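Structure record follows, encoded as structure tokens.
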Amino acid sequence: MDATDTPDLAAAKAALLQSVPQWSHLSRADIRLRPLSGGITNLVFRADAPADSAPGAAALLRIYGRGTQRFFDRAAELARFARLADRGLGPRLLGSYPWGRVEEFLPARPMEAEEIRRDGVARKIAHLVARLHLLEPTSDDQEGWEWRLCKWLAELGDDVSLVGRAREGLQLVRARLAASSGGGALDEAKAFCDELVFCHNDLLGANILVADGGRGDCCGAMHVIDYEYASLNPRGYDLANHFCEYAGFETDCSQYPSRGHQMAFVRAYCAELDPGRSVSEQFLNAVVQRLVIYAMASDLFWGTWGLLQARHSNLEFDFAAYAHRRLNQMLDFHVNLLTPLP
């Protein structure tokens with residue numbers, strides 16, 4: 001079976017029996033699978049065994065979507081997964097197969113887009129992202145957003161609708177990032193946003209787990225999962241990409257965070273990153289201004305991703321429509337937020 005094949009449930013259950021030590025004495029018929037919602041890249045199931053046979057045991061079964069190996073280096077992703085688990089930043093890897101993997105099941109649920117927009121929750125996420133950005137990257141973490149985007153555009157060629165739009169947008173983003181910032185707080189914000197750090201690159205609500213029972217601003221403990229797209233990237237890209245996820249898969253631009261919300265998020269992020277650092281209103285304003293450019297980069301990245309997924313994925317999601325919304329409505333929305341060059 002290769003990475004493009006999807007296993008039948010009998011084969012998946014056999015893998016679970018091999019991967020979960022408490023289940024080695026069970027049969028496939030003992031395992032119950034329940035689909036979990038959230039992401040649109042893989043099929044994800046919670047696996048349980050009878051309580052009287054393996055009390056308290058549960059596992060997560062992840063079956064890779066068809067063609068997902070085109071989007072990242074799966075071997076590097078597995079190495080990253082294990083490294084982050086060792087540091088308590090993700091679930092443990094229980095078993096790996098060409099078609100998917102078995103993970104420790106965390107007693108938590110994915111967050112909704114509506115939740116991550118709440119001020120109190122956003123502050124906790126800001127602290128979590130700051131701790132993530134302090135991790136030391138490795139040689140497995142080198143494929144940044146621009147390298148991947150150019151690779152995907154080359155694979156799509158010129159015969160796919162919207163590719164020209166993505167290429168034009170990339171030229172604009174490059175020009176804006178390279179332009180002189182204007183001095184003062186703008187220079188400080190540019191250095192801050194452009195610094196290369198270990199980034200998650202896919203911080204939507206579904207990839208942030210909150211402990212059961214945690215709802216509202218006083219939510220429980222949080223965990224970040226799914227480091228498939230993690231890499232060395234500019235800090236500003238990860239922050240802006242997270243803000244884009246406020247719009248959800250429907251890309252509702254009216255839910256994009258206000259300037260004040262973004263400033264509060266960056267303030268909380270900086271407080272966790274460097275507790276002794278004092279940040280000014282001018283700096284925060286300048287950071288939000290630069291994050292608009294990285295939000296455009298996020299639109300280009302995920303819009304182009306959607307075009308490739310529409311060509312290869314076997315999952316029931318309208319990737320082409322999503323790509324259209326990111327490369328048209330949402331990209332236009334962010335272009336209109338750009339400030340004039342100094």
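Each chain in the structure tokens gets a letter, A, B and so on, in the order shown; residues start at 1 in every chain, and ligands are counted from 1 in the order they appear.
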Handout entry: Within 10 Å of Ser139 in chain A using only C-alpha atoms, minus same-chain residues under 2 positions, as a VMD selection string
Key = chain A and resid 76 137 141 to 143 231 to 232
DSSP-assigned strand (DSSP E) among range 48-257 of chain A, expressed as a tab-separated table (two decimals) with N, CA, C and O atoms, in the first residue's frame:
```tsv
chain	number	residue	atom	x	y	z
A	48	ASP	N	-11.66	3.63	19.93
A	48	ASP	CA	-11.89	3.18	21.30
A	48	ASP	C	-12.00	1.67	21.34
A	48	ASP	O	-12.44	1.04	20.37
A	58	ALA	N	-7.65	5.14	24.46
A	58	ALA	CA	-8.20	5.71	23.23
A	58	ALA	C	-7.02	6.13	22.38
A	58	ALA	O	-5.92	6.37	22.88
A	59	ALA	N	-7.24	6.20	21.09
A	59	ALA	CA	-6.18	6.63	20.17
A	59	ALA	C	-6.81	7.44	19.06
A	59	ALA	O	-8.03	7.42	18.86
A	60	LEU	N	-5.98	8.17	18.35
A	60	LEU	CA	-6.44	8.94	17.21
A	60	LEU	C	-5.85	8.34	15.95
A	60	LEU	O	-4.63	8.12	15.87
A	61	LEU	N	-6.70	8.03	14.98
A	61	LEU	CA	-6.28	7.48	13.70
A	61	LEU	C	-6.38	8.57	12.65
A	61	LEU	O	-7.44	9.17	12.45
A	62	ARG	N	-5.27	8.83	11.99
A	62	ARG	CA	-5.23	9.87	10.94
A	62	ARG	C	-4.90	9.19	9.61
A	62	ARG	O	-3.83	8.59	9.46
A	63	ILE	N	-5.82	9.30	8.65
A	63	ILE	CA	-5.60	8.74	7.31
A	63	ILE	C	-5.33	9.91	6.37
A	63	ILE	O	-6.17	10.80	6.21
A	64	TYR	N	-4.17	9.93	5.77
A	64	TYR	CA	-3.77	11.04	4.92
A	64	TYR	C	-4.69	11.16	3.70
A	64	TYR	O	-5.03	10.15	3.07
A	93	LEU	N	3.43	10.00	19.06
A	93	LEU	CA	3.25	9.17	17.88
A	93	LEU	C	3.29	7.72	18.32
A	93	LEU	O	4.28	7.25	18.89
A	94	LEU	N	2.22	6.98	18.04
A	94	LEU	CA	2.13	5.57	18.44
A	94	LEU	C	2.47	4.62	17.30
A	94	LEU	O	2.92	3.50	17.54
A	95	GLY	N	2.22	5.05	16.06
A	95	GLY	CA	2.51	4.19	14.93
A	95	GLY	C	2.43	4.96	13.64
A	95	GLY	O	1.61	5.88	13.51
A	96	SER	N	3.29	4.64	12.68
A	96	SER	CA	3.32	5.35	11.40
A	96	SER	C	3.23	4.35	10.26
A	96	SER	O	3.89	3.29	10.29
A	97	TYR	N	2.46	4.68	9.24
A	97	TYR	CA	2.23	3.82	8.08
A	97	TYR	C	2.25	4.70	6.83
A	97	TYR	O	2.06	5.92	6.92
A	100	GLY	N	-0.96	6.75	6.70
A	100	GLY	CA	-1.42	7.54	7.84
A	100	GLY	C	-0.64	7.21	9.09
A	100	GLY	O	0.44	6.62	9.05
A	101	ARG	N	-1.20	7.57	10.23
A	101	ARG	CA	-0.51	7.31	11.49
A	101	ARG	C	-1.51	7.17	12.64
A	101	ARG	O	-2.68	7.56	12.52
A	102	VAL	N	-1.02	6.63	13.75
A	102	VAL	CA	-1.79	6.49	14.98
A	102	VAL	C	-1.13	7.39	16.02
A	102	VAL	O	0.09	7.34	16.23
A	103	GLU	N	-1.95	8.22	16.67
A	103	GLU	CA	-1.45	9.18	17.64
A	103	GLU	C	-2.11	8.98	19.00
A	103	GLU	O	-3.19	8.39	19.11
A	104	GLU	N	-1.45	9.49	20.01
A	104	GLU	CA	-2.07	9.58	21.33
A	104	GLU	C	-3.34	10.43	21.21
A	104	GLU	O	-3.35	11.45	20.52
A	108	ALA	N	-9.40	16.47	24.52
A	108	ALA	CA	-9.66	17.87	24.22
A	108	ALA	C	-10.42	17.93	22.91
A	108	ALA	O	-10.53	16.95	22.18
A	109	ARG	N	-10.93	19.11	22.58
A	109	ARG	CA	-11.71	19.28	21.36
A	109	ARG	C	-11.12	20.42	20.54
A	109	ARG	O	-10.51	21.35	21.09
A	110	PRO	N	-11.29	20.39	19.22
A	110	PRO	CA	-10.82	21.52	18.40
A	110	PRO	C	-11.67	22.75	18.63
A	110	PRO	O	-12.87	22.66	18.89
A	196	LEU	N	13.01	35.34	11.13
A	196	LEU	CA	12.70	33.94	10.86
A	196	LEU	C	12.65	33.15	12.16
A	196	LEU	O	13.62	33.15	12.94
A	197	VAL	N	11.52	32.49	12.40
A	197	VAL	CA	11.32	31.69	13.60
A	197	VAL	C	10.63	30.39	13.20
A	197	VAL	O	10.13	30.25	12.08
A	198	PHE	N	10.58	29.44	14.13
A	198	PHE	CA	9.83	28.21	13.87
A	198	PHE	C	8.34	28.54	13.92
A	198	PHE	O	7.83	28.99	14.95
A	199	CYS	N	7.64	28.32	12.81
A	199	CYS	CA	6.22	28.69	12.68
A	199	CYS	C	5.37	27.46	12.43
A	199	CYS	O	5.80	26.50	11.78
A	208	ILE	N	-6.10	23.92	17.14
A	208	ILE	CA	-5.87	24.32	18.53
A	208	ILE	C	-6.88	23.56	19.38
A	208	ILE	O	-8.09	23.76	19.25
A	209	LEU	N	-6.39	22.65	20.21
A	209	LEU	CA	-7.27	21.86	21.06
A	209	LEU	C	-7.41	22.51	22.42
A	209	LEU	O	-6.43	23.05	22.97
A	210	VAL	N	-8.61	22.45	22.97
A	210	VAL	CA	-8.86	22.97	24.31
A	210	VAL	C	-9.43	21.83	25.15
A	210	VAL	O	-10.21	21.02	24.65
A	211	ALA	N	-9.02	21.76	26.39
A	211	ALA	CA	-9.45	20.67	27.27
A	211	ALA	C	-10.96	20.65	27.40
A	211	ALA	O	-11.62	21.69	27.39
A	222	MET	N	-4.67	24.48	26.49
A	222	MET	CA	-4.64	24.43	25.03
A	222	MET	C	-3.44	23.63	24.54
A	222	MET	O	-2.37	23.64	25.16
A	223	HIS	N	-3.62	22.97	23.41
A	223	HIS	CA	-2.54	22.27	22.72
A	223	HIS	C	-2.64	22.61	21.24
A	223	HIS	O	-3.74	22.70	20.68
A	224	VAL	N	-1.49	22.78	20.60
A	224	VAL	CA	-1.45	22.96	19.15
A	224	VAL	C	-1.14	21.60	18.52
A	224	VAL	O	-0.27	20.86	19.00
A	231	SER	N	7.38	25.21	9.58
A	231	SER	CA	8.67	25.47	8.95
A	231	SER	C	9.24	26.76	9.51
A	231	SER	O	8.59	27.48	10.27
A	232	LEU	N	10.46	27.02	9.10
A	232	LEU	CA	11.07	28.32	9.38
A	232	LEU	C	10.39	29.35	8.48
A	232	LEU	O	10.32	29.18	7.26
A	233	ASN	N	9.87	30.41	9.08
A	233	ASN	CA	9.14	31.42	8.33
A	233	ASN	C	9.25	32.77	9.06
A	233	ASN	O	9.55	32.80	10.26
A	234	PRO	N	8.94	33.86	8.38
A	234	PRO	CA	8.86	35.13	9.10
A	234	PRO	C	7.77	35.06	10.17
A	234	PRO	O	6.68	34.55	9.92
```
Practice task
Report the residues of range 152-214 of chain A whose backbone DSSP state falls under helix (DSSP H, G or I), written as a ChimeraX atom specification.
Solution key: /A:152-156,163-178,185-194,205-207
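Using only C-alpha atoms, the smallest distance between any of A:Phe243, A:Tyr237, A:Trp147, A:Phe81 and His261 in chain A comes from A:Phe243.
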Exercise for the section: Just the residues within 10 Å of Leu153 in chain A, please, counting only C-alpha atoms, with nothing from its chain fewer than 2 positions along; format it as a ChimeraX atom specification. Expected result: /A:148-151,155-158,160,163-164,166-167,301,304-305,307-308
Go ahead and write the residues just picked, N, CA and C atoms, as a short mmCIF file (atom, residue, chain, number, x, y, z; two decimals), in the first residue's frame.
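Once everything was written out, this is result_25.cif:
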```
data_model
loop_
_atom_site.label_atom_id
_atom_site.label_comp_id
_atom_site.auth_asym_id
_atom_site.auth_seq_id
_atom_site.Cartn_x
_atom_site.Cartn_y
_atom_site.Cartn_z
N ARG A 148 7.43 27.09 -0.95
CA ARG A 148 6.35 26.15 -1.25
C ARG A 148 5.38 26.72 -2.28
N LEU A 149 5.04 28.00 -2.14
CA LEU A 149 4.11 28.62 -3.08
C LEU A 149 4.66 28.55 -4.50
N CYS A 150 5.93 28.90 -4.69
CA CYS A 150 6.52 28.86 -6.03
C CYS A 150 6.55 27.44 -6.58
N LYS A 151 6.81 26.47 -5.72
CA LYS A 151 6.81 25.06 -6.14
C LYS A 151 5.41 24.67 -6.63
N GLU A 155 4.02 23.62 -10.47
CA GLU A 155 3.32 22.36 -10.74
C GLU A 155 1.99 22.61 -11.43
N LEU A 156 1.31 23.67 -11.07
CA LEU A 156 0.01 23.96 -11.68
C LEU A 156 0.14 24.38 -13.13
N GLY A 157 1.24 25.07 -13.47
CA GLY A 157 1.41 25.54 -14.84
C GLY A 157 0.51 26.71 -15.14
N ASP A 158 0.31 26.99 -16.43
CA ASP A 158 -0.47 28.16 -16.84
C ASP A 158 -1.89 27.83 -17.28
N VAL A 160 -4.32 26.56 -15.46
CA VAL A 160 -5.28 26.54 -14.36
C VAL A 160 -5.75 27.94 -14.07
N VAL A 163 -4.12 31.03 -11.57
CA VAL A 163 -2.68 30.98 -11.37
C VAL A 163 -2.06 32.34 -11.68
N GLY A 164 -2.51 32.98 -12.74
CA GLY A 164 -2.01 34.31 -13.07
C GLY A 164 -2.26 35.30 -11.97
N ALA A 166 -2.49 34.60 -8.80
CA ALA A 166 -1.57 34.28 -7.71
C ALA A 166 -0.17 34.81 -8.00
N ARG A 167 0.27 34.69 -9.24
CA ARG A 167 1.62 35.17 -9.59
C ARG A 167 1.70 36.70 -9.48
N PHE A 301 -0.89 31.65 -0.55
CA PHE A 301 -0.46 30.30 -0.18
C PHE A 301 -1.65 29.34 -0.15
N THR A 304 -3.57 28.94 -3.59
CA THR A 304 -2.87 28.03 -4.51
C THR A 304 -2.96 26.59 -4.00
N TRP A 305 -2.85 26.41 -2.70
CA TRP A 305 -3.05 25.09 -2.09
C TRP A 305 -4.42 24.53 -2.48
N LEU A 307 -6.15 25.18 -5.15
CA LEU A 307 -6.14 24.78 -6.56
C LEU A 307 -5.53 23.39 -6.73
N LEU A 308 -4.42 23.13 -6.02
CA LEU A 308 -3.80 21.81 -6.12
C LEU A 308 -4.67 20.73 -5.47
#
```
Handout entry: Distance query Ala297 in chain A at most 10 Å, only C-alpha atoms, self and fewer than 2 positions along chain excluded, as a PyMOL selection string
Key = chain A and resi 145-146+149+166+169-170+172-174+237+240-241+291-295+299-303+331+334
Can you write out the residues you just picked, keeping C-alpha atoms, as an mmCIF file, in the first residue's frame?
```cif
data_model
loop_
_atom_site.group_PDB
_atom_site.id
_atom_site.type_symbol
_atom_site.label_atom_id
_atom_site.label_comp_id
_atom_site.auth_asym_id
_atom_site.auth_seq_id
_atom_site.Cartn_x
_atom_site.Cartn_y
_atom_site.Cartn_z
ATOM 1 C CA TRP A 145 5.828 29.905 2.577
ATOM 2 C CA GLU A 146 7.375 31.468 -0.547
ATOM 3 C CA LEU A 149 4.113 28.616 -3.082
ATOM 4 C CA ALA A 166 -1.570 34.281 -7.708
ATOM 5 C CA GLY A 169 -0.165 38.818 -6.091
ATOM 6 C CA LEU A 170 3.221 37.286 -5.290
ATOM 7 C CA LEU A 172 3.053 42.667 -5.147
ATOM 8 C CA VAL A 173 3.842 40.955 -1.843
ATOM 9 C CA ARG A 174 7.541 40.731 -2.706
ATOM 10 C CA TYR A 237 3.453 35.277 8.371
ATOM 11 C CA ALA A 240 -1.195 37.108 9.930
ATOM 12 C CA ASN A 241 -2.133 33.614 8.818
ATOM 13 C CA LEU A 291 0.855 42.054 8.912
ATOM 14 C CA VAL A 292 -1.486 43.090 6.087
ATOM 15 C CA ILE A 293 1.265 42.153 3.613
ATOM 16 C CA TYR A 294 1.721 38.768 5.249
ATOM 17 C CA ALA A 295 -2.046 38.257 5.225
ATOM 18 C CA ASP A 299 -4.172 34.271 0.780
ATOM 19 C CA LEU A 300 -1.776 33.354 -2.023
ATOM 20 C CA PHE A 301 -0.463 30.296 -0.180
ATOM 21 C CA TRP A 302 -3.811 28.768 0.749
ATOM 22 C CA GLY A 303 -5.521 29.836 -2.454
ATOM 23 C CA LEU A 331 -6.933 38.960 -1.354
ATOM 24 C CA HIS A 334 -6.291 42.748 2.190
#
```
Practice task
Just give me the gap between CA of Arg117 in chain A and CA of Met263 in chain A in Å, one decimal is fine.
Solution key: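 Result for CA of Arg117 in chain A versus CA of Met263 in chain A: 13.4 Å, one decimal.
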Problem - Point-to-point distance in Å for CA of Arg83 in chain A and CA of Leu16 in chain A - result: 21.8 Å
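Minimum atom-to-atom distances from A:Ala321, A:Ala12, A:Leu341, A:Met330 to Ala178 in chain A were compared using only C-alpha atoms, and the lowest value belongs to A:Leu341.
Distances from A:Phe105, A:Tyr227, A:Leu26, A:Glu281 to Asn207 in chain A were compared using only C-alpha atoms, and the smallest one belongs to A:Tyr227.
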Handout entry: CA of Phe265 in chain A to CA of Tyr246 in chain A, straight-line distance in Å
Key =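 Taking CA of Tyr246 in chain A as the start and CA of Phe265 in chain A as the end point, the length is 13.0 Å.
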Exercise for the section: Point out the residue among A:His200, A:Arg290, A:Arg176, A:Arg66 with the least atom-to-atom distance to Ala310 in chain A, counting only C-alpha atoms. Expected result: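 Counting only C-alpha atoms, the residue closest to Ala310 in chain A is A:Arg66.
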